[in-house]
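Colleague: Sending over a structure as structure tokens; questions will come in a sec.
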Amino acid sequence: MQVSPSIDLSATLKHYLFLTTKSEEVKKLRLFSDGNTGMVFSFKNPLISHFAGPGIPVELPDSFIYGQLDSFQDLYCQGETSLMIIVFHPHGLSQMLGVPSQELKNQRINAEDLFGAKGAALYEKLSDSTAITSKITLAEDFFRKLMASRQLPDQPLILASLNFITQNKGLLPVSKLAAFTGYHERTLERAFITNIGISPKRFSTIVKLHVFLKQLRDKPIQENLTALGHEAGYYDQPHLIREFKKHTGLTPGQYSSIADPLAINFLSY
């Protein structure tokens with residue numbers, strides 16, 4: 001279930017996801033980048049990062065923050081797992097924490113390490129709350145208090161650049177972005193790395209991939225994979241499959257065969 005944030009937080013928070021899985025067997029969850037970052041609250045059984053040996057799970061914290069991802073990551077769950085995922089806009093988490101985005105890249109940081117006792121108290125309140133609306137209210141009250149104590153910078157360059165890339169479906173070289181913004185390519189690179197954690201080129205690649213994913217979700221793959229790829233900006237089918245597998249670890253056919261993805265970039269299989 002996806003829920004939008006309150007209007008006053010919508011420039012920082014993109015949406016909330018509420019997901020539940022249940023399986024007696026160990027189930028693999030695959031996460032790959034959508035250009036955003038997030039905060040995960042895991043209720044019931046904890047998520048598993050990996051296995052140190054047969055039957056020896058290494059559990060993730062009950063609440064953690066994740067930064068930009070360089071490649072897909074696999075997590076695991078067993079039994080009943082209930083997740084609340086707060087998805088931030090590409091620059092939102094860095095703004096809220098006052099931390100350069102490159103320091104969060106490929107990291108899973110225990111929320112208690114960032115927020116101390118207040119983070120632990122938030123988790124307990126969320127665990128005790130059964131209604132989704134109540135959970136959102138608790139989280140948003142927490143974020144408002146956190147952001148009230150922080151001077152959030154105005155970022156017209158980043159916002160304009162993100163909108164331009166998204167509107168063009170990721171199909172533009174950095175030189176076009178430089179011409180649009182009036183900033184040098186190196187300046188754009190530094191701004192993206194600091195505020196988003198990845199380069200403009202990398203962000204454009206992710207946007208392009210997700211344009212194709214939306215097409216793939218809306219149209220049967222049997223239609224014509226090459227045509228769908230061309231529509232999204234991939235010049236031939238081998239290029240499409242190579243890029244798709246690089247980012248997701250799956251072929252388009254394997255992705256399409258997953259009947260009930262948790263989210264477009266979060267799969268259970």
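Ligands are numbered from 1 in the order shown, residues from 1 within each chain, and chains are lettered A, B, ... in the order they appear in the structure tokens.
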Can you write out as CSV which residues of range 49-138 of chain A fall within 12 Å of range 155-163 of chain A, alongside each residue's closest atom pair and its distance in Å to one decimal, counting only C-alpha atoms and ordering rows by chain and ascending residue number?
Modeller:
```
residue,atom,partner,partner_atom,distance
A:His89,CA,A:Leu162,CA,10.0
A:Pro90,CA,A:Leu162,CA,8.6
A:His91,CA,A:Ile158,CA,8.0
A:Gly92,CA,A:Leu159,CA,10.7
A:Ser94,CA,A:Gln155,CA,11.9
A:Gln95,CA,A:Gln155,CA,9.7
```
Colleague: Go ahead and write the residues just picked, C-alpha atoms, as a PDB file, in the first residue's frame.
Modeller:
```pdb
ATOM      1  CA  HIS A  89      12.999  12.346  -2.699  1.00  0.00           C
ATOM      2  CA  PRO A  90      16.551  11.934  -4.064  1.00  0.00           C
ATOM      3  CA  HIS A  91      17.787  14.954  -2.075  1.00  0.00           C
ATOM      4  CA  GLY A  92      15.342  14.677   0.844  1.00  0.00           C
ATOM      5  CA  SER A  94      20.435  14.470   2.965  1.00  0.00           C
ATOM      6  CA  GLN A  95      18.473  17.656   3.621  1.00  0.00           C
TER       7      GLN A  95
END
```
Colleague: Run DSSP on the backbone and grab whatever in range 27-211 of chain A lands in strand (DSSP E); send it over as a VMD selection string.
Modeller: chain A and resid 27 to 31 37 to 44 48 to 53 56 to 59 63 to 66 73 to 88 108 to 110
Colleague: Please compute the CA of Phe88 in chain A-CA of Leu209 in chain A distance, one decimal, in Å.
Modeller: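 Answer for the CA of Phe88 in chain A to CA of Leu209 in chain A separation: 19.0 Å.
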Colleague: My list of candidates is A:Asp128, A:Glu59, A:Glu80, A:Glu103. Which is closest to Asn45 in chain A when distances are computed with only C-alpha atoms?
Modeller: A:Glu80
Colleague: DSSP on the backbone: what in range 55-123 of chain A comes out helix (DSSP H, G or I), as JSON, numbers by chain?
Modeller: {"A": [92, 93, 94, 95, 96, 97, 101, 102, 103, 111, 112, 113, 114, 115, 117, 118, 119, 120, 121, 122, 123]}
